[in-house]
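This is data.cif. It holds mmCIF, C-alpha atoms.
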data_final
loop_
_atom_site.label_atom_id
_atom_site.label_comp_id
_atom_site.auth_asym_id
_atom_site.auth_seq_id
_atom_site.Cartn_x
_atom_site.Cartn_y
_atom_site.Cartn_z
CA MET A 1 63.33 67.08 71.57
CA ARG A 2 60.93 66.84 74.45
CA GLU A 3 58.91 63.69 74.96
CA LEU A 4 55.34 63.85 73.72
CA ASN A 5 52.70 62.32 75.93
CA ASP A 6 50.86 59.28 74.66
CA GLY A 7 47.70 61.21 73.81
CA ALA A 8 49.58 63.56 71.49
CA VAL A 9 51.29 60.61 69.78
CA VAL A 10 47.97 58.81 69.27
CA ARG A 11 46.42 61.93 67.77
CA ALA A 12 49.41 62.33 65.44
CA VAL A 13 48.96 58.74 64.22
CA LEU A 14 45.24 59.25 63.74
CA ASP A 15 46.02 62.36 61.72
CA GLY A 16 48.00 60.25 59.28
CA ARG A 17 51.46 60.38 60.84
CA GLN A 18 52.18 56.67 60.55
CA ASP A 19 55.77 57.17 61.70
CA ALA A 20 54.57 58.48 65.06
CA PHE A 21 53.39 54.98 65.94
CA ALA A 22 57.05 53.99 66.20
CA VAL A 23 57.18 56.14 69.34
CA LEU A 24 54.58 53.91 70.97
CA VAL A 25 56.36 50.76 69.80
CA HIS A 26 59.60 52.04 71.27
CA ARG A 27 57.93 52.95 74.56
CA TYR A 28 55.99 49.75 75.16
CA GLN A 29 57.77 46.93 73.33
CA ASP A 30 59.83 45.86 76.37
CA THR A 31 56.85 45.74 78.74
CA LEU A 32 54.68 43.88 76.25
CA TYR A 33 57.41 41.47 75.24
CA ARG A 34 58.35 40.61 78.84
CA HIS A 35 54.72 39.78 79.55
CA ALA A 36 54.34 37.75 76.35
CA GLU A 37 57.46 35.72 76.95
CA ARG A 38 56.55 35.02 80.56
CA MET A 39 53.11 33.95 79.43
CA THR A 40 54.20 31.78 76.51
CA GLY A 41 57.63 30.72 77.69
CA ARG A 42 58.77 30.89 74.07
CA PRO A 43 60.76 33.87 72.76
CA ASP A 44 59.82 33.47 69.09
CA GLU A 45 56.12 33.12 69.85
CA ALA A 46 56.31 36.08 72.23
CA ALA A 47 57.84 38.31 69.55
CA ASP A 48 55.15 37.27 67.06
CA ILE A 49 52.42 37.97 69.61
CA VAL A 50 53.79 41.42 70.41
CA GLN A 51 54.11 42.27 66.72
CA ALA A 52 50.53 41.12 66.10
CA SER A 53 49.33 43.10 69.12
CA PHE A 54 50.96 46.31 67.93
CA LEU A 55 49.44 45.81 64.47
CA LYS A 56 46.02 45.20 65.96
CA GLY A 57 46.41 48.31 68.09
CA TYR A 58 47.52 50.36 65.11
CA GLU A 59 44.61 49.24 62.96
CA ASN A 60 42.07 49.88 65.72
CA LEU A 61 43.58 53.00 67.23
CA GLU A 62 40.36 54.97 66.76
CA ARG A 63 38.77 52.61 69.29
CA CYS A 64 41.23 53.52 72.03
CA ARG A 65 38.92 55.49 74.30
CA ASP A 66 41.64 57.03 76.44
CA PRO A 67 44.64 57.92 74.28
CA GLU A 68 46.54 59.14 77.34
CA ARG A 69 46.54 55.51 78.53
CA VAL A 70 47.24 53.83 75.23
CA GLY A 71 49.96 51.77 76.94
CA ALA A 72 47.41 50.02 79.14
CA TRP A 73 45.18 49.52 76.11
CA LEU A 74 48.03 47.89 74.15
CA PHE A 75 48.81 45.74 77.18
CA ARG A 76 45.22 44.48 77.26
CA ILE A 77 45.44 43.56 73.58
CA THR A 78 48.71 41.69 74.19
CA ALA A 79 47.35 39.94 77.28
CA ASN A 80 44.34 38.71 75.30
CA GLN A 81 46.53 37.52 72.44
CA CYS A 82 48.69 35.61 74.93
CA LYS A 83 45.66 33.90 76.45
CA ASP A 84 44.28 33.02 73.02
CA TYR A 85 47.66 31.57 72.11
CA LEU A 86 47.85 29.48 75.27
CA LYS A 87 44.34 28.17 74.81
CA SER A 88 44.99 27.20 71.20
CA ARG A 89 48.30 25.61 72.14
CA ARG A 90 46.63 23.59 74.84
CA ARG A 91 43.97 22.42 72.41
CA LYS A 92 46.65 21.54 69.88
CA ASP A 93 48.61 19.59 72.46
CA LEU A 94 45.54 17.60 73.43
CA ARG A 95 44.53 16.91 69.85
CA LEU A 96 47.83 15.99 68.30
CA GLU A 97 49.64 14.44 71.24
CA SER A 98 52.68 15.70 69.42
CA ALA A 99 54.01 17.12 72.62
CA ALA A 100 53.98 13.72 74.26
CA ALA A 101 57.52 14.01 75.48
CA HIS A 102 56.84 17.48 76.70
CA ALA A 103 53.68 16.32 78.45
CA SER A 104 55.39 13.43 80.12
CA GLU A 105 58.00 15.84 81.37
CA ARG A 106 55.26 17.97 82.79
CA GLU A 107 53.76 14.98 84.50
CA ASP A 108 57.08 14.19 86.08
CA PRO A 109 58.41 17.26 87.89
CA GLU A 110 61.24 15.24 89.36
CA LYS A 111 62.60 14.62 85.88
CA THR A 112 62.71 18.33 85.31
CA ALA A 113 64.40 18.79 88.65
CA GLU A 114 67.13 16.44 87.58
CA ARG A 115 68.24 19.06 85.10
CA GLY A 116 69.03 21.06 88.15
CA GLN A 117 67.79 24.26 86.63
CA MET A 118 65.33 26.17 88.77
CA LYS A 119 64.50 28.30 85.76
CA ASP A 120 63.32 25.25 83.88
CA ARG A 121 61.28 24.11 86.85
CA ILE A 122 59.65 27.50 87.13
CA ALA A 123 58.85 27.53 83.41
CA ALA A 124 57.41 24.01 83.67
CA ALA A 125 55.38 24.94 86.73
CA LEU A 126 54.00 28.06 85.10
CA GLU A 127 53.06 26.02 82.07
CA ARG A 128 50.83 23.83 84.21
CA LEU A 129 48.68 26.82 85.13
CA SER A 130 45.60 27.81 83.19
CA ALA A 131 45.94 30.91 81.03
CA ASP A 132 43.97 33.03 83.52
CA GLU A 133 45.93 31.78 86.53
CA ARG A 134 49.21 32.23 84.79
CA GLU A 135 48.33 35.74 83.70
CA ALA A 136 47.28 36.73 87.22
CA PHE A 137 50.36 35.15 88.77
CA VAL A 138 52.74 36.82 86.29
CA LEU A 139 51.20 40.24 86.83
CA LYS A 140 51.17 39.89 90.61
CA HIS A 141 54.46 38.24 91.38
CA ILE A 142 56.65 38.99 88.35
CA GLU A 143 55.40 42.35 87.09
CA GLY A 144 54.69 43.42 90.69
CA LEU A 145 51.26 44.97 90.08
CA SER A 146 48.74 45.53 92.84
CA TYR A 147 45.37 43.77 92.65
CA GLU A 148 43.73 47.13 91.94
CA GLU A 149 46.07 47.76 88.99
CA MET A 150 45.45 44.25 87.71
CA SER A 151 41.72 44.74 88.03
CA GLU A 152 41.85 47.86 85.90
CA LEU A 153 44.10 46.22 83.35
CA LEU A 154 42.22 42.96 82.99
CA ASP A 155 38.70 44.17 83.66
CA ALA A 156 38.23 41.54 86.37
CA SER A 157 37.24 41.97 90.01
CA VAL A 158 39.85 42.00 92.77
CA PRO A 159 38.37 38.92 94.53
CA ALA A 160 38.40 36.97 91.25
CA LEU A 161 42.03 37.92 90.64
CA LYS A 162 42.99 36.98 94.19
CA MET A 163 41.41 33.60 93.68
CA ARG A 164 43.40 33.05 90.47
CA VAL A 165 46.67 34.01 92.17
CA HIS A 166 45.89 31.80 95.16
CA ARG A 167 45.18 28.86 92.89
CA ALA A 168 48.39 29.53 90.97
CA ARG A 169 50.39 29.57 94.21
CA GLN A 170 48.74 26.35 95.24
CA GLU A 171 49.93 24.80 91.97
CA LEU A 172 53.44 26.07 92.53
CA GLN A 173 53.55 24.75 96.06
CA THR A 174 55.58 21.74 94.93
CA LEU A 175 58.37 24.07 93.90
CA LEU A 176 58.73 24.96 97.54
CA GLU A 177 60.18 21.53 98.13
CA GLU A 178 63.35 22.83 96.54
CA TYR A 179 63.80 25.17 99.45
CA ARG A 180 63.14 22.78 102.29
CA MET B 1 47.65 27.27 102.43
CA ARG B 2 46.80 29.21 105.57
CA ARG B 3 44.87 32.43 105.13
CA GLU B 4 47.52 34.47 106.96
CA LEU B 5 50.17 33.25 104.57
CA GLN B 6 48.01 34.14 101.56
CA ALA B 7 47.49 37.60 103.06
CA TYR B 8 51.25 38.00 103.52
CA LEU B 9 51.96 36.93 99.93
CA ASP B 10 49.25 39.30 98.71
CA GLY B 11 51.01 42.15 100.52
CA GLU B 12 48.15 42.70 102.96
CA ILE B 13 50.09 42.01 106.15
CA SER B 14 53.76 42.30 107.02
CA PHE B 15 56.14 39.50 107.90
CA HIS B 16 56.00 40.50 111.56
CA GLU B 17 52.25 40.01 111.64
CA LEU B 18 52.55 36.37 110.67
CA PRO B 19 52.09 33.67 113.32
CA PRO B 20 55.55 32.31 114.23
CA GLU B 21 54.78 28.86 112.86
CA LEU B 22 54.28 30.34 109.36
CA CYS B 23 57.49 32.40 109.24
CA ALA B 24 59.71 29.65 107.84
CA GLU B 25 57.24 28.86 105.07
CA ALA B 26 56.86 32.57 104.28
CA GLU B 27 60.63 32.87 103.92
CA ARG B 28 60.67 29.94 101.54
CA TRP B 29 57.95 31.59 99.47
CA ASP B 30 59.94 34.84 99.44
CA ARG B 31 62.98 33.02 98.08
CA LEU B 32 60.93 31.17 95.49
CA LEU B 33 59.16 34.32 94.31
CA ALA B 34 62.47 36.17 94.08
CA GLU B 35 63.66 33.36 91.83
CA VAL B 36 60.45 33.54 89.81
CA ARG B 37 60.91 37.29 89.30
CA GLU B 38 64.25 36.64 87.63
CA PHE B 39 62.52 34.32 85.23
CA GLY B 40 62.12 35.83 81.79
CA PRO B 41 63.77 38.35 79.53
CA ALA B 42 65.05 41.84 80.30
CA GLY B 43 63.47 43.33 77.21
CA ALA B 44 62.32 42.89 73.65
CA PRO B 45 64.65 41.48 70.97
CA ALA B 46 66.70 44.18 69.27
CA ASP B 47 64.95 43.80 65.92
CA LEU B 48 61.36 43.77 67.20
CA GLU B 49 60.78 47.51 66.86
CA ALA B 50 62.00 47.52 63.25
CA ARG B 51 59.89 44.44 62.47
CA VAL B 52 56.74 46.07 63.80
CA VAL B 53 57.33 49.38 62.05
CA ARG B 54 58.07 47.64 58.74
CA ALA B 55 54.81 45.71 58.99
CA LEU B 56 52.60 48.77 59.57
CA PRO B 57 50.24 49.31 56.66
CA ALA B 58 49.84 52.83 55.32
CA ARG B 59 47.27 54.71 57.27
CA ARG B 60 44.57 56.79 55.69
CA ARG B 61 44.41 60.32 56.95
CA ARG B 62 41.14 60.96 58.73
CA PRO B 63 38.63 62.95 56.70
CA THR B 64 38.86 66.70 57.17
CA TRP B 65 35.33 66.90 58.58
CA ARG B 66 36.22 64.31 61.24
CA ARG B 67 39.37 66.13 62.29
CA ALA B 68 37.47 69.42 62.36
CA ALA B 69 34.78 67.82 64.53
CA ASP B 70 37.40 66.46 66.93
CA TRP B 71 39.05 69.86 67.07
CA ALA B 72 35.73 71.49 67.82
CA ILE B 73 34.73 69.16 70.66
CA GLN B 74 38.15 68.89 72.28
CA PRO B 75 38.42 71.29 75.26
CA ARG B 76 40.91 74.03 74.45
CA PRO B 77 41.96 76.51 77.10
CA LEU B 78 42.22 80.04 75.74
CA HIS B 79 45.42 81.98 76.23
CA VAL B 80 45.00 85.64 77.13
CA SER B 81 47.32 88.53 77.81
CA PRO B 82 48.09 89.75 81.33
CA LEU B 83 46.42 93.10 80.64
CA VAL B 84 43.03 91.64 80.01
CA GLY B 85 43.54 88.41 81.90
CA LEU B 86 42.89 90.03 85.25
CA ALA B 87 39.52 91.20 83.97
CA ALA B 88 38.54 87.48 83.95
CA ALA B 89 35.45 86.13 82.27
CA ALA B 90 33.94 89.49 81.42
CA ALA B 91 36.91 90.27 79.20
CA LEU B 92 37.01 86.89 77.49
CA ALA B 93 35.06 88.02 74.43
CA LEU B 94 37.40 90.93 74.03
CA ILE B 95 40.41 88.65 74.22
CA ILE B 96 39.07 86.36 71.53
CA VAL B 97 38.93 89.20 69.05
CA GLN B 98 42.44 90.33 69.92
CA PRO B 99 44.54 87.36 68.87
CA TRP B 100 47.64 89.51 68.46
CA ARG B 101 47.99 89.72 72.21
CA GLN B 102 50.62 87.38 73.60
CA GLY B 103 50.47 85.10 76.60
CA ALA B 104 54.13 85.43 77.34
CA THR B 105 55.09 89.03 77.91
CA PRO B 106 58.64 90.09 78.78
CA SER B 107 58.93 92.78 81.42
CA GLN B 108 61.72 95.16 82.29
CA PRO B 109 64.59 93.53 84.19
CA PRO B 110 66.15 95.02 87.27
CA GLU B 111 68.97 97.37 86.26
CA GLY B 112 72.21 95.55 85.48
CA SER B 113 70.52 92.15 85.28
CA ALA B 114 70.72 89.90 82.21
CA THR B 115 67.61 87.98 83.26
CA ILE B 116 64.23 89.05 81.95
CA TYR B 117 61.09 88.16 83.85
CA VAL B 118 58.44 86.93 81.46
CA GLN B 119 54.80 86.90 82.43
CA PHE B 120 53.00 83.76 81.24
CA VAL B 121 49.21 83.76 81.29
CA LEU B 122 46.79 81.04 80.30
CA GLU B 123 43.08 80.80 80.76
CA ALA B 124 42.36 77.18 81.68
CA PRO B 125 39.09 76.91 83.58
CA GLY B 126 38.77 73.57 85.33
CA ALA B 127 42.50 72.85 85.31
CA SER B 128 44.09 71.57 88.51
CA SER B 129 47.54 72.75 87.54
CA VAL B 130 49.23 74.61 84.72
CA ALA B 131 52.96 74.66 84.12
CA VAL B 132 55.32 75.96 81.48
CA ALA B 133 57.81 73.61 79.88
CA GLY B 134 60.38 74.74 77.36
CA ASP B 135 63.90 74.43 76.11
CA PHE B 136 64.92 76.69 79.02
CA ASN B 137 64.09 73.98 81.58
CA GLY B 138 64.69 70.77 79.64
CA TRP B 139 61.00 70.49 78.76
CA THR B 140 60.10 69.45 82.27
CA PRO B 141 56.69 70.78 83.34
CA GLU B 142 57.92 72.15 86.65
CA LEU B 143 57.53 75.90 86.26
CA ALA B 144 54.08 76.19 87.75
CA LEU B 145 51.65 79.01 87.09
CA SER B 146 49.18 79.91 89.80
CA ASP B 147 45.52 80.77 89.97
CA PRO B 148 45.05 82.08 93.51
CA ASP B 149 41.55 83.46 93.00
CA GLY B 150 40.27 80.39 91.19
CA ASP B 151 38.96 82.25 88.16
CA GLY B 152 40.67 79.90 85.72
CA ILE B 153 43.33 82.40 84.71
CA TRP B 154 46.76 81.02 85.49
CA MET B 155 49.73 83.37 85.73
CA GLY B 156 53.36 83.30 86.63
CA ARG B 157 56.59 85.23 86.13
CA ILE B 158 59.51 83.16 84.94
CA PRO B 159 63.08 84.44 84.63
CA LEU B 160 64.57 83.83 81.17
CA GLU B 161 67.83 84.69 79.52
CA PRO B 162 67.63 86.93 76.46
CA GLY B 163 67.32 84.91 73.29
CA LEU B 164 64.92 82.69 71.42
CA HIS B 165 62.96 80.13 73.45
CA GLN B 166 60.45 77.42 72.60
CA TYR B 167 57.78 76.43 75.10
CA MET B 168 54.41 74.80 75.67
CA PHE B 169 51.88 74.79 78.46
CA VAL B 170 51.21 71.59 80.40
CA ILE B 171 47.78 71.25 81.95
CA ASP B 172 47.17 68.83 84.84
CA GLY B 173 50.63 67.40 84.45
CA SER B 174 50.04 65.60 81.17
CA GLN B 175 48.07 67.59 78.61
CA TRP B 176 50.51 69.54 76.44
CA MET B 177 49.08 72.59 74.76
CA THR B 178 50.49 75.02 72.24
CA ASP B 179 50.11 78.67 73.10
CA PRO B 180 47.47 79.73 70.53
CA HIS B 181 48.58 83.35 70.64
CA ALA B 182 52.31 83.15 70.21
CA GLN B 183 53.77 85.28 67.47
CA ARG B 184 55.82 82.44 66.02
CA TYR B 185 55.78 78.66 66.08
CA ALA B 186 58.13 75.78 65.35
CA ASP B 187 57.04 72.33 64.21
CA ASP B 188 57.87 69.74 66.87
CA GLY B 189 58.09 66.91 64.34
CA PHE B 190 54.83 65.23 65.32
CA GLY B 191 52.28 67.56 63.85
CA ASN B 192 52.18 69.82 66.88
CA ARG B 193 53.78 73.21 67.26
CA ASN B 194 55.92 74.72 69.94
CA ALA B 195 55.44 78.41 70.64
CA ILE B 196 58.47 80.61 70.11
CA LEU B 197 59.21 83.47 72.44
CA VAL B 198 61.86 86.06 71.71
CA VAL B 199 63.30 87.67 74.83
CA THR B 200 65.37 90.76 74.17
CA GLN B 201 67.45 92.86 76.53
CA PRO B 202 65.71 96.22 76.69
CA THR B 203 67.90 99.14 75.63
CA ALA B 204 68.92 101.57 78.37
CA ARG B 205 66.72 104.62 78.64
CA SER B 206 68.33 107.97 78.09
#
Here is the file; what I need is its structure written in the form of structure tokens.
Amino acid sequence: MRELNDGAVVRAVLDGRQDAFAVLVHRYQDTLYRHAERMTGRPDEAADIVQASFLKGYENLERCRDPERVGAWLFRITANQCKDYLKSRRRKDLRLESAAAHASEREDPEKTAERGQMKDRIAAALERLSADEREAFVLKHIEGLSYEEMSELLDASVPALKMRVHRARQELQTLLEEYR
Amino acid sequence: MRRELQAYLDGEISFHELPPELCAEAERWDRLLAEVREFGPAGAPADLEARVVRALPARRRRPTWRRAADWAIQPRPLHVSPLVGLAAAAALALIIVQPWRQGATPSQPPEGSATIYVQFVLEAPGASSVAVAGDFNGWTPELALSDPDGDGIWMGRIPLEPGLHQYMFVIDGSQWMTDPHAQRYADDGFGNRNAILVVTQPTARS
């Protein structure tokens, strides 16, 4: 069977074809999940966020103004859910101090380095970034988007996004030591 | 961080445009960012799709009046036959009251040939491109129709083997449209219909 475009799938869902939404899930789950895991650093949380994002999209599908670009619309929902999650996690960490060990590890990058795993260092470094900086950095340097694409996706200006990426790189500067 | 290095990392200037004293640092950034790009998963967990689909609540079908309103306001190119298509806008009213006319009309093949040339016609004012996609070309919208005089009537002759074919029109590369004047249709499984075209080998004239 030929592949329907996104607009036709959205219209089918709106016309009561609930099963057609599975087409959108199949098409976009990898992209959304990759972003969510890179943002949260936690696979289980990322899967929950993506599931919640798809459900939110499904329940509000009538509000998708451009069905042909429903993928970008679902991405925006996921990106917002990720930022909300990071903000609430940060608040929780501050309030409960339950992540004391985790925090002390973050305060001591050398300790992380002792594990010898660059992946862990990258994850720890990304975790230090604010939600906005992290999002901009992930989209720019991991997803490989241009600033113009990011601007459209996040509804933020190109100069503002550049500033977030620059700040993120500044934060990650210490990682460069590994390569000296 | 120097502005030139930021510009390089933003993709605004090439490596060769960097001042020599920044090249080593730029290379270190390249290696770090390559490492960062490998960070993270290749794709979603295998069970995520099933989890999401299971969690979807039943959806209420939109009210009939709402669907009718959407149908009425959605632009719909009108498909006309080749005979009246060339008469352009003046003939449009006539075409509307002759729905039995087809937009895909087989013509006589050259003698001894098994291929039939089928004339496809679609009126799509405002379209930038119109193509035909069907089971005869793997549903890729690459068989382009043309509108040389810019009157919104797109035409093209496409060689087809005798037999039963399903097809749709594709407007501006992404908008799939069912031929409203086909004689037969097949459900595509998502509430839309593919047009069916029967191409027969004309019998030899005595």
For a quick test of understanding: name the residues of chain A lying within 6 Å of chain B when counting all atoms listed in the file, and present them as a short mmCIF file (atom, residue, chain, number, x, y, z; two decimals) with C-alpha atoms, in the frame of the given file.
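Result saved to out.cif:
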data_model
loop_
_atom_site.label_atom_id
_atom_site.label_comp_id
_atom_site.auth_asym_id
_atom_site.auth_seq_id
_atom_site.Cartn_x
_atom_site.Cartn_y
_atom_site.Cartn_z
CA ARG A 2 60.93 66.84 74.45
CA ASP A 15 46.02 62.36 61.72
CA GLY A 16 48.00 60.25 59.28
CA ASP A 30 59.83 45.86 76.37
CA TYR A 33 57.41 41.47 75.24
CA ARG A 34 58.35 40.61 78.84
CA ARG A 38 56.55 35.02 80.56
CA GLN A 51 54.11 42.27 66.72
CA ILE A 142 56.65 38.99 88.35
#
* Contact residues around region 157-168 of chain A with only C-alpha atoms at 9 Å, ignoring same-chain residues under 6 positions, as a list in words -> Leu126, Leu129, Ser130, Asp132, Glu133, Arg134, Glu135, Ala136, Phe137, Val138, Lys140, His141, Tyr147, Glu148, Met150 and Ser151 of chain A; Met1, Gln6 and Asp10 of chain B
* To do: Take the point (48.4, 50.8, 75.0) in the file's coordinates, draw a sphere of radius 12 Å around it, and report as a count of residues only every protein, DNA or RNA residue with an atom inside or on it, counting only C-alpha atoms.
  => 41
* How many Å lie between CA of Thr174 (chain A) and CA of Glu12 (chain B), rounded to one decimal? ->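 These two atoms are separated by 23.6 Å.
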* In Å, how far is it from CA of Ala20 (chain A) to CA of Asn5 (chain A)? ->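 Separation of CA of Ala20 (chain A) and CA of Asn5 (chain A): 11.7 Å.
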* Taking the file as shown, find all residues satisfying the PyMOL selection byres ((chain B and resi 132) around 7) and write them as a list in words. => Ala131, Ala133, Gly134, Pro141, Glu142, Leu143, Ala144, Tyr167, Met168, Phe169 and Val170 of chain B
* Between A:Asp19, A:Glu62, A:Glu171, A:Asp44, single out the one closest to Glu127 (chain A), counting all atoms listed in the file. =>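 Closest candidate: A:Glu171.
Pairwise distance (CA of Pro159 (chain B), CA of Ala127 (chain B)) equals 23.6 Å.
Here the question is which of A:Leu4, A:Leu14, A:Ala36, A:Gly41 gets nearest to Lys119 (chain A) using only C-alpha atoms, and that residue is A:Gly41.
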* What's the 7 Å shell around Thr115 (chain B), counting only C-alpha atoms, without same-chain residues fewer than 4 positions away, as a PyMOL selection string? -> chain B and resi 109+159-162
